[in-house]
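model.cif follows; it contains mmCIF, C-alpha atoms, pLDDT in the B column; chains and numbers go by the auth columns.
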data_coords
#
loop_
_atom_site.group_PDB
_atom_site.id
_atom_site.type_symbol
_atom_site.label_atom_id
_atom_site.label_comp_id
_atom_site.label_asym_id
_atom_site.label_seq_id
_atom_site.Cartn_x
_atom_site.Cartn_y
_atom_site.Cartn_z
_atom_site.B_iso_or_equiv
_atom_site.auth_seq_id
_atom_site.auth_asym_id
ATOM 1 C CA MET A 1 -99.529 -23.917 -119.303 41.00 1 K
ATOM 2 C CA VAL A 2 -96.511 -25.030 -121.276 46.00 2 K
ATOM 3 C CA LYS A 3 -97.090 -27.364 -124.238 51.00 3 K
ATOM 4 C CA SER A 4 -94.974 -30.170 -122.732 54.00 4 K
ATOM 5 C CA THR A 5 -97.056 -30.025 -119.542 52.00 5 K
ATOM 6 C CA LEU A 6 -100.273 -30.215 -121.586 54.00 6 K
ATOM 7 C CA ASP A 7 -98.898 -33.184 -123.551 59.00 7 K
ATOM 8 C CA PHE A 8 -97.995 -34.865 -120.275 55.00 8 K
ATOM 9 C CA LEU A 9 -101.483 -34.345 -118.863 59.00 9 K
ATOM 10 C CA GLU A 10 -103.269 -35.339 -122.091 61.00 10 K
ATOM 11 C CA LYS A 11 -101.429 -38.665 -122.150 66.00 11 K
ATOM 12 C CA GLY A 12 -102.798 -39.432 -118.694 63.00 12 K
ATOM 13 C CA LYS A 13 -99.418 -39.720 -117.071 64.00 13 K
ATOM 14 C CA ILE A 14 -99.169 -38.934 -113.406 67.00 14 K
ATOM 15 C CA LEU A 15 -95.986 -37.486 -112.054 68.00 15 K
ATOM 16 C CA GLU A 16 -95.124 -39.173 -108.776 74.00 16 K
ATOM 17 C CA ILE A 17 -92.806 -37.228 -106.536 78.00 17 K
ATOM 18 C CA PRO A 18 -91.507 -38.920 -103.375 82.00 18 K
ATOM 19 C CA LYS A 19 -92.845 -37.455 -100.130 88.00 19 K
ATOM 20 C CA ASP A 20 -89.358 -36.643 -98.869 89.00 20 K
ATOM 21 C CA THR A 21 -88.533 -34.508 -101.929 89.00 21 K
ATOM 22 C CA LYS A 22 -87.780 -30.897 -101.065 92.00 22 K
ATOM 23 C CA TYR A 23 -88.096 -27.898 -103.365 92.00 23 K
ATOM 24 C CA TRP A 24 -85.479 -25.163 -103.538 91.00 24 K
ATOM 25 C CA LEU A 25 -85.543 -21.769 -105.205 91.00 25 K
ATOM 26 C CA VAL A 26 -82.055 -20.805 -106.360 89.00 26 K
ATOM 27 C CA ARG A 27 -81.843 -17.347 -107.868 87.00 27 K
ATOM 28 C CA ALA A 28 -79.481 -16.766 -110.760 85.00 28 K
ATOM 29 C CA ASP A 29 -78.401 -13.236 -109.785 88.00 29 K
ATOM 30 C CA GLY A 30 -81.445 -11.618 -111.356 89.00 30 K
ATOM 31 C CA GLY A 31 -81.321 -14.076 -114.262 89.00 31 K
ATOM 32 C CA LYS A 32 -77.689 -13.277 -115.078 90.00 32 K
ATOM 33 C CA PHE A 33 -76.598 -16.938 -114.761 90.00 33 K
ATOM 34 C CA TYR A 34 -79.853 -18.608 -115.863 91.00 34 K
ATOM 35 C CA ASP A 35 -78.623 -19.564 -119.343 92.00 35 K
ATOM 36 C CA ASP A 36 -75.322 -20.816 -117.953 89.00 36 K
ATOM 37 C CA PHE A 37 -77.108 -22.955 -115.363 88.00 37 K
ATOM 38 C CA LEU A 38 -79.504 -24.289 -118.017 87.00 38 K
ATOM 39 C CA LEU A 39 -76.920 -25.027 -120.703 88.00 39 K
ATOM 40 C CA ASN A 40 -74.278 -26.487 -118.401 85.00 40 K
ATOM 41 C CA ASN A 41 -76.585 -28.352 -115.998 82.00 41 K
ATOM 42 C CA TYR A 42 -75.388 -26.912 -112.707 82.00 42 K
ATOM 43 C CA ILE A 43 -76.261 -24.326 -110.107 83.00 43 K
ATOM 44 C CA ALA A 44 -74.034 -22.281 -107.852 82.00 44 K
ATOM 45 C CA ILE A 45 -74.143 -19.642 -105.192 82.00 45 K
ATOM 46 C CA SER A 46 -71.684 -16.822 -105.402 74.00 46 K
ATOM 47 C CA ASP A 47 -69.207 -16.297 -102.648 76.00 47 K
ATOM 48 C CA ASP A 48 -65.539 -15.894 -103.502 74.00 48 K
ATOM 49 C CA GLU A 49 -64.317 -16.019 -99.908 83.00 49 K
ATOM 50 C CA ILE A 50 -66.218 -19.058 -98.639 89.00 50 K
ATOM 51 C CA THR A 51 -64.903 -22.049 -100.543 85.00 51 K
ATOM 52 C CA LEU A 52 -65.555 -25.716 -99.914 83.00 52 K
ATOM 53 C CA ASP A 53 -61.997 -26.000 -98.611 86.00 53 K
ATOM 54 C CA ALA A 54 -62.640 -23.125 -96.183 90.00 54 K
ATOM 55 C CA ILE A 55 -65.769 -24.891 -94.918 91.00 55 K
ATOM 56 C CA ASN A 56 -64.030 -28.253 -94.576 89.00 56 K
ATOM 57 C CA GLU A 57 -61.056 -26.711 -92.747 92.00 57 K
ATOM 58 C CA PHE A 58 -62.975 -24.400 -90.393 93.00 58 K
ATOM 59 C CA PRO A 59 -62.854 -25.909 -86.863 93.00 59 K
ATOM 60 C CA GLN A 60 -66.361 -24.774 -85.789 93.00 60 K
ATOM 61 C CA LEU A 61 -67.845 -26.579 -88.805 93.00 61 K
ATOM 62 C CA ASN A 62 -66.044 -29.837 -88.168 88.00 62 K
ATOM 63 C CA THR A 63 -67.088 -30.846 -84.680 87.00 63 K
ATOM 64 C CA ASP A 64 -68.647 -33.944 -83.147 88.00 64 K
ATOM 65 C CA VAL A 65 -72.103 -32.386 -83.545 88.00 65 K
ATOM 66 C CA GLY A 66 -71.493 -31.649 -87.217 88.00 66 K
ATOM 67 C CA ARG A 67 -72.101 -28.443 -89.097 92.00 67 K
ATOM 68 C CA THR A 68 -74.410 -25.929 -87.441 95.00 68 K
ATOM 69 C CA ILE A 69 -75.727 -22.516 -88.385 96.00 69 K
ATOM 70 C CA GLU A 70 -73.608 -21.043 -85.586 96.00 70 K
ATOM 71 C CA GLY A 71 -70.507 -22.590 -87.156 96.00 71 K
ATOM 72 C CA TYR A 72 -71.360 -21.065 -90.528 96.00 72 K
ATOM 73 C CA LYS A 73 -71.973 -17.694 -88.867 97.00 73 K
ATOM 74 C CA SER A 74 -68.546 -17.884 -87.199 97.00 74 K
ATOM 75 C CA LEU A 75 -66.932 -18.556 -90.559 96.00 75 K
ATOM 76 C CA TYR A 76 -68.698 -15.565 -92.141 96.00 76 K
ATOM 77 C CA LYS A 77 -67.807 -13.304 -89.222 97.00 77 K
ATOM 78 C CA GLU A 78 -64.160 -14.226 -89.692 95.00 78 K
ATOM 79 C CA LYS A 79 -64.177 -13.714 -93.480 94.00 79 K
ATOM 80 C CA TYR A 80 -66.402 -10.616 -93.592 95.00 80 K
ATOM 81 C CA GLU A 81 -65.516 -8.525 -90.557 95.00 81 K
ATOM 82 C CA LYS A 82 -67.412 -5.442 -91.804 96.00 82 K
ATOM 83 C CA TRP A 83 -70.718 -7.249 -92.313 96.00 83 K
ATOM 84 C CA ASN A 84 -73.542 -6.749 -89.839 97.00 84 K
ATOM 85 C CA ASN A 85 -75.291 -9.628 -88.066 97.00 85 K
ATOM 86 C CA GLN A 86 -78.180 -9.686 -90.550 98.00 86 K
ATOM 87 C CA GLN A 87 -75.838 -10.013 -93.552 96.00 87 K
ATOM 88 C CA ILE A 88 -73.903 -12.764 -91.795 96.00 88 K
ATOM 89 C CA ALA A 89 -77.052 -14.671 -90.812 97.00 89 K
ATOM 90 C CA HIS A 90 -78.500 -14.488 -94.331 95.00 90 K
ATOM 91 C CA ALA A 91 -75.288 -15.623 -96.046 94.00 91 K
ATOM 92 C CA ALA A 92 -74.639 -18.374 -93.481 96.00 92 K
ATOM 93 C CA SER A 93 -78.167 -19.727 -93.863 95.00 93 K
ATOM 94 C CA ARG A 94 -77.978 -19.690 -97.668 92.00 94 K
ATOM 95 C CA THR A 95 -74.636 -21.482 -97.666 92.00 95 K
ATOM 96 C CA MET A 96 -75.719 -24.078 -95.107 93.00 96 K
ATOM 97 C CA LYS A 97 -78.815 -24.915 -97.153 92.00 97 K
ATOM 98 C CA PHE A 98 -76.819 -25.164 -100.367 88.00 98 K
ATOM 99 C CA ILE A 99 -74.007 -27.260 -98.910 86.00 99 K
ATOM 100 C CA ASP A 100 -75.783 -29.437 -96.369 88.00 100 K
ATOM 101 C CA GLU A 101 -79.493 -29.583 -97.163 90.00 101 K
ATOM 102 C CA ILE A 102 -79.990 -29.900 -100.939 87.00 102 K
ATOM 103 C CA LYS A 103 -79.956 -33.624 -101.629 85.00 103 K
ATOM 104 C CA GLU A 104 -80.289 -36.041 -104.511 81.00 104 K
ATOM 105 C CA ASN A 105 -83.834 -36.129 -105.976 82.00 105 K
ATOM 106 C CA ASP A 106 -84.736 -32.703 -104.601 88.00 106 K
ATOM 107 C CA ILE A 107 -86.242 -30.272 -107.112 88.00 107 K
ATOM 108 C CA VAL A 108 -84.466 -26.983 -107.778 89.00 108 K
ATOM 109 C CA VAL A 109 -86.335 -24.097 -109.432 91.00 109 K
ATOM 110 C CA VAL A 110 -84.309 -21.294 -111.023 92.00 110 K
ATOM 111 C CA PRO A 111 -86.018 -18.158 -112.407 93.00 111 K
ATOM 112 C CA SER A 112 -84.702 -16.323 -115.447 93.00 112 K
ATOM 113 C CA HIS A 113 -84.515 -12.540 -115.798 92.00 113 K
ATOM 114 C CA ARG A 114 -87.840 -11.078 -114.628 91.00 114 K
ATOM 115 C CA SER A 115 -88.965 -14.692 -114.034 90.00 115 K
ATOM 116 C CA SER A 116 -90.143 -14.972 -117.636 91.00 116 K
ATOM 117 C CA ASN A 117 -88.966 -18.622 -117.577 90.00 117 K
ATOM 118 C CA LEU A 118 -88.507 -21.069 -114.768 89.00 118 K
ATOM 119 C CA MET A 119 -86.141 -23.998 -114.892 88.00 119 K
ATOM 120 C CA ALA A 120 -87.073 -26.958 -112.692 86.00 120 K
ATOM 121 C CA LYS A 121 -84.662 -29.836 -112.409 83.00 121 K
ATOM 122 C CA ALA A 122 -84.185 -32.842 -110.191 82.00 122 K
ATOM 123 C CA VAL A 123 -80.826 -33.099 -108.506 82.00 123 K
ATOM 124 C CA TYR A 124 -79.174 -36.359 -109.463 73.00 124 K
ATOM 125 C CA TYR A 125 -75.619 -35.642 -108.411 62.00 125 K
ATOM 126 C CA TYR A 126 -74.831 -33.286 -105.616 54.00 126 K
ATOM 127 C CA ARG A 127 -71.504 -33.091 -103.915 55.00 127 K
ATOM 128 C CA GLY A 128 -72.242 -30.306 -101.450 49.00 128 K
ATOM 129 C CA CYS A 129 -70.016 -27.746 -103.071 48.00 129 K
ATOM 130 C CA GLU A 130 -70.065 -24.995 -105.662 42.00 130 K
ATOM 131 C CA LYS A 131 -72.114 -26.951 -108.205 41.00 131 K
ATOM 132 C CA GLY A 132 -75.116 -29.208 -108.199 46.00 132 K
ATOM 133 C CA PHE A 133 -75.835 -31.198 -111.343 45.00 133 K
ATOM 134 C CA PHE A 134 -79.242 -32.013 -112.747 45.00 134 K
ATOM 135 C CA GLU A 135 -80.904 -34.502 -115.003 45.00 135 K
ATOM 136 C CA ASN A 136 -82.762 -33.487 -118.170 45.00 136 K
ATOM 137 C CA ASN A 137 -83.353 -29.956 -119.377 42.00 137 K
ATOM 138 C CA SER A 138 -86.772 -29.258 -117.949 43.00 138 K
ATOM 139 C CA LYS A 139 -88.022 -25.725 -118.432 43.00 139 K
ATOM 140 C CA ILE A 140 -91.461 -24.703 -117.244 40.00 140 K
#

Give the structure from the file, written as structure tokens.
Amino acid sequence: MVKSTLDFLEKGKILEIPKDTKYWLVRADGGKFYDDFLLNNYIAISDDEITLDAINEFPQLNTDVGRTIEGYKSLYKEKYEKWNNQQIAHAASRTMKFIDEIKENDIVVVPSHRSSNLMAKAVYYYRGCEKGFFENNSKI
């Protein structure tokens, strides 16, 4: 256990996490971006072709029913014609979760290289784009 966690427990404090809080594991490309995420208080997923503008302008993602996984898949099929269905499904799912499902007060866990450290932060500002910002600098 980390010293700060022991101090927290020894002081008799109870961490209360709302029931609707979700937890997300965001990998940092094998730890490559861990320090950057930690020092600059953001997370990102890498995809040079799928920008927030591309998502907002893609017709199948801006319908009366809202954004769907099928809409994201259509966008990926258009941008990455050589990808197979499995690659498209994986990337579309990852992007949909990052853009549309991570919300304020959710907890994001980011592992460092070889998972020797884990960073856990609560999202306090999330604009559904390339970066999510966190409060504090909690490492576990």

Report task. Convert the output of the PyMOL selection byres ((chain K and resi 31) around 9) on the shown file into explicit residues, formatted as a list in words. Result -> Arg27, Ala28, Asp29, Gly30, Lys32, Phe33, Tyr34, Asp35, Val110, Pro111, Ser112, His113, Arg114 and Ser115 of chain K

**Report entry** Exercise: Lys77 of chain K partners within 7 Å, all atoms listed in the file, chain neighbours under 4 positions left out, as a ChimeraX atom specification
**Finding:** /K:73,81,88

Writer output for current selection, C-alpha atoms, as a PDB file, in the coordinates of the input:
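New file out_20.pdb:
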ATOM      1  CA  LYS K  73     -71.973 -17.694 -88.867  1.00 97.00           C
ATOM      2  CA  GLU K  81     -65.516  -8.525 -90.557  1.00 95.00           C
ATOM      3  CA  ILE K  88     -73.903 -12.764 -91.795  1.00 96.00           C
TER       4      ILE K  88
END

Query raised in the report: What is the distance, in Å and to one decimal place, between atom CA of Phe37 of chain K and atom CA of Lys103 of chain K?
Result: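 One can read the atom CA of Phe37 of chain K to atom CA of Lys103 of chain K distance as 17.6 Å.
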
Requested in this report: For the structure provided, state which residues fall under the PyMOL selection byres ((chain K and resi 102) around 10), and present them as a PyMOL selection string.
Outcome: chain K and resi 21-24+96-101+103-108+123+126-128+132

**Report entry** Length of the atom CA of Thr95 of chain K to atom CA of Val109 of chain K vector [Å]
**Finding:**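 Atom CA of Val109 of chain K lies 16.8 Å from atom CA of Thr95 of chain K.
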
Report task. Just give me the gap between atom CA of Gln87 of chain K and atom CA of Val65 of chain K in Å, one decimal is fine. Result -> 24.8 Å

Report summary line: Between K:Ile45, K:Asn62, K:Ala92, K:Glu57, smallest distance to Ser74 of chain K by only C-alpha atoms belongs to K:Ala92

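Using all atoms listed in the file, the nearest neighbour of Ile55 of chain K within the list K:Ala91, K:Tyr42, K:Leu75, K:Ser116 is K:Leu75.
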
Requested in this report: Measuring atom to atom with all atoms listed in the file, identify which of K:Tyr124, K:Asn117, K:Lys79, K:Val26 is nearest to Ala54 of chain K.
Outcome: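 Checking each candidate against Ala54 of chain K, we get K:Lys79 as the closest.
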
Which centre and edge lengths in Å to one decimal define the box along x, y and z that fits every listed atom of segment 25-31 of chain K plus 8 Å per side, as JSON?
{"center_x": -82.0, "center_y": -16.7, "center_z": -109.7, "size_x": 23.1, "size_y": 26.2, "size_z": 25.1}
